[in-house]
Structures are given as structure tokens and as C-alpha cells.
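Participant: Sending over entry.txt (compact mmCIF, C-alpha atoms and all ligand atoms).
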```
# COMPACT_ATOMS: atom_id res chain seq x y z
CA MET U 22 -61.18 97.13 62.96
CA ARG U 23 -58.97 95.69 65.70
CA ILE U 24 -56.29 98.29 66.42
CA ASN U 25 -52.59 97.60 66.29
CA ARG U 26 -51.76 97.70 70.00
CA VAL U 27 -48.04 98.06 69.35
CA LYS U 28 -48.57 101.16 67.19
CA LYS U 29 -50.79 102.55 69.97
CA LEU U 30 -47.99 102.00 72.51
CA TRP U 31 -45.61 103.83 70.17
CA ARG U 32 -48.02 106.76 69.78
CA GLU U 33 -48.20 106.97 73.59
CA GLY U 34 -44.39 107.11 73.75
CA LYS U 35 -44.23 103.65 75.33
CA THR U 36 -42.06 100.64 74.53
CA ALA U 37 -43.23 97.35 73.06
CA VAL U 38 -41.21 94.29 74.06
CA GLY U 39 -41.48 91.16 71.96
CA GLY U 40 -40.06 87.80 71.02
CA PHE U 41 -39.07 85.89 67.90
CA LEU U 42 -40.43 82.54 66.81
CA SER U 43 -38.10 80.16 64.95
CA ILE U 44 -39.92 76.90 65.68
CA PRO U 45 -42.57 76.01 63.07
CA HIS U 46 -45.48 75.15 65.30
CA SER U 47 -48.71 76.74 66.52
CA PHE U 48 -48.31 75.28 70.01
CA SER U 49 -44.89 76.82 70.64
CA ALA U 50 -46.24 80.11 69.23
CA GLU U 51 -49.25 79.94 71.54
CA THR U 52 -47.03 79.10 74.52
CA MET U 53 -44.79 82.09 73.80
CA ALA U 54 -47.91 84.26 73.42
CA HIS U 55 -48.78 83.56 77.06
CA SER U 56 -45.54 85.00 78.47
CA GLY U 57 -46.53 88.69 78.76
CA LEU U 58 -44.83 90.03 75.64
CA ASP U 59 -46.49 92.79 73.56
CA TRP U 60 -45.64 91.27 70.17
CA LEU U 61 -44.31 88.13 68.58
CA CYS U 62 -42.56 87.86 65.26
CA VAL U 63 -42.81 84.73 63.12
CA ASP U 64 -39.31 84.63 61.64
CA MET U 65 -39.54 83.43 58.05
CA GLN U 66 -36.04 84.70 57.29
CA HIS U 67 -33.95 82.57 59.64
CA GLY U 68 -36.56 80.49 61.47
CA CYS U 69 -37.40 76.98 60.16
CA ILE U 70 -40.76 78.32 59.02
CA ASP U 71 -42.59 78.27 55.69
CA TYR U 72 -45.84 80.02 54.75
CA SER U 73 -48.21 77.25 55.89
CA ASP U 74 -46.46 77.11 59.27
CA ALA U 75 -46.68 80.90 59.55
CA VAL U 76 -50.45 80.88 59.00
CA THR U 77 -51.05 78.39 61.84
CA MET U 78 -48.69 80.35 64.09
CA LEU U 79 -50.49 83.64 63.38
CA THR U 80 -53.76 81.89 64.19
CA ALA U 81 -52.32 80.66 67.50
CA ILE U 82 -50.99 84.10 68.43
CA SER U 83 -54.37 85.65 67.69
CA THR U 84 -55.98 83.61 70.47
CA THR U 85 -54.27 86.23 72.71
CA ALA U 86 -53.87 90.03 72.80
CA VAL U 87 -50.30 89.75 71.48
CA THR U 88 -49.67 91.70 68.24
CA PRO U 89 -48.51 89.41 65.41
CA PHE U 90 -45.51 90.38 63.25
CA VAL U 91 -43.75 88.42 60.51
CA ARG U 92 -40.17 88.84 59.37
CA VAL U 93 -40.25 88.01 55.68
CA PRO U 94 -37.33 86.15 54.08
CA TRP U 95 -36.50 89.09 51.81
CA ASN U 96 -37.78 92.46 50.61
CA GLU U 97 -40.14 90.84 48.16
CA PRO U 98 -43.62 92.37 47.69
CA SER U 99 -45.53 89.13 47.07
CA MET U 100 -44.45 87.59 50.39
CA ILE U 101 -45.05 90.85 52.29
CA MET U 102 -48.59 90.94 50.90
CA LYS U 103 -49.19 87.23 51.62
CA VAL U 104 -48.22 87.51 55.31
CA LEU U 105 -50.39 90.61 55.71
CA ASP U 106 -53.28 88.70 54.10
CA ALA U 107 -52.64 85.92 56.64
CA GLY U 108 -53.15 88.38 59.51
CA ALA U 109 -49.74 89.83 60.34
CA TYR U 110 -50.21 93.32 61.77
CA GLY U 111 -46.61 94.23 61.08
CA VAL U 112 -43.89 93.18 58.68
CA ILE U 113 -40.17 93.24 59.45
CA VAL U 114 -38.19 93.51 56.21
CA PRO U 115 -34.51 92.45 56.35
CA MET U 116 -31.45 93.98 54.68
CA VAL U 117 -32.94 97.31 53.60
CA SER U 118 -30.00 99.27 52.18
CA ASN U 119 -31.30 102.46 50.59
CA ARG U 120 -34.38 104.59 49.99
CA GLU U 121 -35.48 102.54 47.00
CA ASP U 122 -35.50 99.36 49.16
CA ALA U 123 -37.43 101.17 51.90
CA MET U 124 -40.00 102.52 49.42
CA ARG U 125 -40.46 99.02 47.99
CA ALA U 126 -41.21 97.64 51.46
CA VAL U 127 -43.61 100.47 52.31
CA ALA U 128 -45.47 100.16 49.00
CA ALA U 129 -46.10 96.45 49.55
CA CYS U 130 -47.68 97.21 52.95
CA ARG U 131 -50.17 99.85 51.70
CA TYR U 132 -53.19 99.68 49.43
CA PRO U 133 -53.50 102.05 46.46
CA PRO U 134 -53.23 104.98 46.17
CA LEU U 135 -50.52 104.91 48.87
CA GLY U 136 -48.92 101.66 47.72
CA ILE U 137 -49.25 98.59 45.55
CA ARG U 138 -50.77 96.07 48.00
CA SER U 139 -53.28 93.86 46.23
CA ASN U 140 -56.73 93.32 47.74
CA GLY U 141 -57.43 89.92 49.34
CA PRO U 142 -57.13 89.98 53.14
CA ASN U 143 -58.45 86.44 53.52
CA ARG U 144 -57.55 85.68 57.12
CA ALA U 145 -56.58 89.28 57.93
CA ALA U 146 -60.21 90.44 57.71
CA LEU U 147 -61.33 87.66 60.08
CA TYR U 148 -58.71 88.78 62.58
CA GLY U 149 -58.89 92.53 61.93
CA GLY U 150 -62.60 92.98 61.22
CA PRO U 151 -64.91 93.62 58.25
CA ASP U 152 -63.63 97.19 57.75
CA TYR U 153 -60.08 95.89 57.39
CA GLN U 154 -59.30 97.42 53.98
CA LYS U 155 -60.58 100.84 55.07
CA ASN U 156 -58.16 101.05 58.00
CA ALA U 157 -55.32 98.65 57.19
CA ASP U 158 -52.91 101.32 55.88
CA ARG U 159 -53.10 103.05 59.26
CA GLU U 160 -52.82 99.93 61.43
CA MET U 161 -50.19 97.80 59.61
CA ALA U 162 -46.63 98.45 60.79
CA CYS U 163 -43.89 98.61 58.18
CA VAL U 164 -40.59 97.91 59.91
CA VAL U 165 -37.39 97.94 57.87
CA MET U 166 -34.07 96.55 59.04
CA ILE U 167 -30.76 98.40 58.89
CA GLU U 168 -27.98 95.83 59.00
CA THR U 169 -25.85 96.21 55.85
CA ALA U 170 -22.83 98.40 55.10
CA GLU U 171 -24.85 100.34 52.52
CA GLY U 172 -27.75 100.65 54.98
CA ILE U 173 -25.43 102.12 57.61
CA GLU U 174 -24.08 104.61 55.09
CA LYS U 175 -27.59 105.54 53.91
CA MET U 176 -29.41 105.38 57.26
CA ASP U 177 -30.72 108.92 56.94
CA GLU U 178 -32.49 108.31 53.61
CA ILE U 179 -33.91 104.97 54.83
CA ILE U 180 -35.17 106.28 58.16
CA SER U 181 -36.74 109.37 56.58
CA THR U 182 -38.65 107.37 53.93
CA PRO U 183 -42.36 108.24 54.28
CA GLY U 184 -44.38 105.26 55.54
CA VAL U 185 -41.55 103.60 57.48
CA ASP U 186 -42.96 103.12 60.98
CA ALA U 187 -39.88 101.66 62.65
CA VAL U 188 -36.26 100.84 61.88
CA TYR U 189 -35.05 97.56 63.32
CA ILE U 190 -31.39 96.84 63.91
CA GLY U 191 -30.12 93.33 63.19
CA PRO U 192 -27.10 93.28 65.52
CA THR U 193 -25.23 90.34 64.00
CA ASP U 194 -25.54 91.41 60.37
CA LEU U 195 -24.68 94.93 61.53
CA ALA U 196 -21.55 93.51 63.16
CA LEU U 197 -20.56 91.71 59.95
CA ALA U 198 -21.13 94.94 58.01
CA LEU U 199 -18.71 96.67 60.41
CA GLY U 200 -16.07 93.97 60.00
CA LEU U 201 -16.78 92.47 63.44
CA PRO U 202 -17.71 88.92 64.50
CA PRO U 203 -21.50 88.31 64.37
CA VAL U 204 -22.16 88.68 68.10
CA MET U 205 -25.73 89.43 69.23
CA ASP U 206 -25.58 91.40 72.52
CA ASN U 207 -22.63 93.45 71.35
CA ASP U 208 -20.40 95.80 73.38
CA ASP U 209 -17.80 96.52 70.70
CA PRO U 210 -17.36 100.33 70.66
CA LYS U 211 -17.76 100.47 66.86
CA HIS U 212 -21.05 98.52 67.12
CA VAL U 213 -22.31 100.60 70.04
CA ALA U 214 -21.50 103.85 68.18
CA THR U 215 -23.38 102.68 65.06
CA VAL U 216 -26.41 101.57 67.10
CA ASN U 217 -26.42 104.97 68.84
CA ARG U 218 -26.20 106.78 65.50
CA ILE U 219 -29.22 104.84 64.18
CA LEU U 220 -31.15 105.66 67.37
CA GLU U 221 -30.30 109.37 67.03
CA THR U 222 -31.32 109.40 63.36
CA CYS U 223 -34.63 107.74 64.27
CA ARG U 224 -35.18 110.44 66.90
CA LYS U 225 -34.41 113.16 64.35
CA HIS U 226 -37.04 111.80 61.94
CA LYS U 227 -39.53 110.76 64.67
CA VAL U 228 -39.38 107.11 63.60
CA ILE U 229 -39.49 104.25 66.10
CA ALA U 230 -36.10 102.65 66.81
CA ALA U 231 -36.16 98.87 67.23
CA MET U 232 -33.46 96.56 68.57
CA HIS U 233 -32.95 92.80 68.68
CA THR U 234 -31.37 91.14 71.75
CA MET U 235 -31.15 87.73 73.34
CA SER U 236 -31.28 88.67 77.02
CA SER U 237 -33.18 90.78 79.53
CA LYS U 238 -29.93 92.59 80.43
CA TYR U 239 -29.60 94.05 76.93
CA THR U 240 -33.35 94.48 76.45
CA GLN U 241 -33.37 96.64 79.59
CA ARG U 242 -30.39 98.63 78.33
CA TYR U 243 -32.11 99.42 75.03
CA ILE U 244 -35.45 100.25 76.72
CA ASP U 245 -33.57 102.68 78.97
CA GLN U 246 -31.83 104.19 75.94
CA GLY U 247 -35.17 104.95 74.26
CA PHE U 248 -35.72 102.08 71.82
CA GLN U 249 -39.50 101.64 71.58
CA MET U 250 -39.44 98.15 70.07
CA VAL U 251 -37.13 95.62 71.68
CA MET U 252 -36.86 91.89 71.08
CA LEU U 253 -36.14 90.02 74.32
CA THR U 254 -35.37 86.53 73.03
CA SER U 255 -36.69 83.72 70.86
CA ASP U 256 -38.50 80.44 71.45
CA ARG U 257 -35.41 78.44 70.48
CA ILE U 258 -33.04 80.40 72.73
CA SER U 259 -35.53 80.25 75.62
CA ILE U 260 -35.69 76.46 75.44
CA ALA U 261 -31.93 76.05 75.00
CA ASN U 262 -30.96 78.45 77.79
CA TYR U 263 -33.55 77.23 80.27
CA MET U 264 -32.77 73.55 79.74
CA LYS U 265 -29.00 74.06 79.90
CA ALA U 266 -29.37 76.08 83.10
CA GLU U 267 -31.62 73.45 84.73
CA VAL U 268 -29.38 70.57 83.67
CA GLY U 269 -26.37 72.48 85.01
CA LYS U 270 -27.93 72.69 88.50
CA LEU U 271 -28.06 68.93 89.06
CA THR U 272 -25.49 67.08 91.12
CA GLY U 273 -24.74 63.36 91.47
CA TRP U 274 -25.25 62.84 87.76
CA THR U 275 -23.17 63.49 84.63
CA PRO U 276 -24.99 65.23 81.79
CA LEU U 277 -24.74 63.61 78.37
CA ASN U 278 -22.50 65.28 75.82
CA PRO U 279 -25.07 65.47 72.98
CA THR U 280 -22.43 65.52 70.25
CA GLN U 281 -20.48 62.52 71.53
CA GLU U 282 -19.83 59.67 69.16
CA PRO U 283 -22.45 56.85 69.46
CA GLU U 284 -21.27 53.66 71.12
CA ARG U 285 -21.18 50.71 68.73
CA THR U 286 -21.23 46.98 69.34
C1 LIG U 301 -29.30 90.10 62.94
O1 LIG U 301 -28.73 89.97 64.03
O2 LIG U 301 -28.73 90.41 61.90
C2 LIG U 301 -30.72 89.86 62.86
O3 LIG U 301 -31.29 90.03 61.81
C3 LIG U 301 -31.43 89.36 64.06
O4 LIG U 301 -32.23 88.27 63.76
MG MG U 302 -30.02 90.06 60.14
```
Just give me the structure as C-alpha cells.
Ligand code: 3PY
Ligand code: MG
Facilitator:
Amino acid sequence: MRINRVKKLWREGKTAVGGFLSIPHSFSAETMAHSGLDWLCVDMQHGCIDYSDAVTMLTAISTTAVTPFVRVPWNEPSMIMKVLDAGAYGVIVPMVSNREDAMRAVAACRYPPLGIRSNGPNRAALYGGPDYQKNADREMACVVMIETAEGIEKMDEIISTPGVDAVYIGPTDLALALGLPPVMDNDDPKHVATVNRILETCRKHKVIAAMHTMSSKYTQRYIDQGFQMVMLTSDRISIANYMKAEVGKLTGWTPLNPTQEPERT
């Protein structure tokens, strides 16, 4: 079976840097997969992406050595199992708030007797190999997100749940849970202290700590701090930031205000 390269990097004590995909197309996914990142996550929670889009995007990513992840819309076993069957090698599960939530996510990622995953790795076996079922429990990454007030309170029981490979911080939901504005790369002392506490708890339980950013500056900060899974930026933000920066460099021309009222005859 094809190994999960990201899990191998983690075992070696290394960091895996990745990106998020919000645009529902195989070509944008393939383009992002050629940028040097270790992993890409098809974001079915907040991206404009449904299941059929996700399958074509996973297929595009698997033309490269990039490890495919999917963030599911919710902690719902049937969707977790469907994205694994489509060839995701890791699942990111949002809004995990307690041990019961974490156990539910883990169980959906593992075949019996470890979990409740149903057999039927249709595309996954093409991508992973004919011995997929024999090794899938070892290679699939179960990543749960801490980003709710209850999740912050119960971080220890979530992070120590057997079978959780990594704990992923959603910075903007975390900010909301702390009563702060939903800012991504966040320097608020309350936010920083909570992020540090999650990192320390991950260290205590030898679980991978994962962080979401939208810039290399913050990605570098979290790599240096010891996060072993860091999200650099997304397809949508890459396009928006690059185009705005390029447009802003031009002189002798006035950029269009895209939200201006249309002229009428
Ligand atoms: C958050 O910021 O809450 C996230 O989940 C990142 O996508
Ligand atoms: Mg979130």
C-alpha cells in the first residue's frame, strides 16, 4: 500500500506544510499540487465544494506526491467514510468539543474491530493499492479540530483520545470561542495563550499539533514553535492576494473598483 507521507514526516519528527482548496475544480487542485506543499486539504466545510467535486480534486492531487486530505463539513461518520473511500489519506473533522466527539471521528476512520468504518474503498484502493484494507487503519490520518469553547475547556480529553493522530486549531472559530473577532493570523494575547496551551497538551500526549494560517510569516512562526502540520494558505487567498498585489504595482492606470455601481444609459 502507498504510505501516508505526512504520517511518515510526523514519525520522523518533521513538519508537513500544506494548503487548503476552496475552489471546486480539479485543475486548480492540480495547480496547487505543483507548488511544493506536502499536503492539500479539500475543504468541504467552508469551500464551495460538494462530494463530486471532491472526488475529481482528489484524483487531480493524486497525479502528484502530495498527500490528499479532506475537511468534512461536520463530524458525521457517513461523509468521513465516503471521503476515505474516494482516496483521502486524512480527514480533518471540525468543531470537536469533547471525548465523545473525538471517539466518533476516530471510529469512522478505522475498520472493525478498531472502529465502525464500512468496507468499500472504491477509489481509495486504486490510489492506495490492493492491500488497502489491511493497512488503512495505520495509514489514514484522523485529525480533529479544537475551535469551540467546550473544546478549549476539554482539550486534554480530546487530545488524549486513542486514535487521534493530530489536533488542528481553527484560529477564527477559536477566536470567536474566546470572545474575540474572527481574525486568522492572530496576535491577541488570549488567543496566543490558548494556542500555546493546545500545543503543550499535544506535546504531553505525543499527538501532532496542527495550525491554520494564511501567510508564510505565521506558518514560519508555528513551524518554529513545533507545530508539525501547518497550513500556509488556500487557493482562493493565493489568487486574491497575488492579483491584488500585481494590480497594485501598476502605474499610469486606475484599477476598477469591482463593487462600484454599474453605469446605466
Ligand atoms: C477556523 O479558522 O476556524 C478554521 O476552521 C480554519 O478554516
Ligand atoms: Mg473553523
Participant: Counting only C-alpha atoms and all ligand atoms, which protein, DNA or RNA residues come within 12 Å of ligand LIG 301 (chain U), given as JSON, numbers by chain?
Facilitator: {"U": [40, 41, 42, 43, 62, 63, 64, 65, 66, 67, 68, 91, 92, 93, 94, 95, 113, 114, 115, 116, 117, 165, 166, 167, 168, 169, 188, 189, 190, 191, 192, 193, 194, 195, 196, 197, 198, 199, 202, 203, 204, 205, 206, 207, 212, 231, 232, 233, 234, 235, 251, 252, 253, 254, 255, 258]}
Participant: Using Å and a single decimal, report how far atom CA of U:Ser236 sits from atom CA of U:Glu33.
Facilitator: 25.2 Å
Participant: When you look at stretch 46-54 of chain U with a cut-off of 6 Å (counting all atoms listed in the file), what residues show up, excluding the ones that are within fewer than 6 positions of it in the same chain? I need them as a list in words.
Facilitator: Thr77, Met78, Ala81 and Ile82 of chain U
Participant: Env of U:Cys223: 9 Å cut, atoms = only C-alpha atoms, seq-sep filter 5 positions within chain, self excluded. Answer as a list in words.
Facilitator: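 Near U:Cys223, the qualifying residues are Asp177, Ile180, Ser181, Ala187, Val188, Arg218, Val228, Ile229 and Ala230 of chain U.
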Participant: Could you name the residues that touch U:Lys35 at 12 Å or less, counting all atoms listed in the file, but leaving out those on the same chain fewer than 3 positions away, as a VMD selection string?
Facilitator: chain U and resid 26 to 32 38 59 229 to 230 244 to 245 247 to 251
Participant: One number please: atom CA of U:Lys238 to atom CA of U:Ala266, in Å, one decimal.
Facilitator: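 Those two atoms sit 16.7 Å apart.
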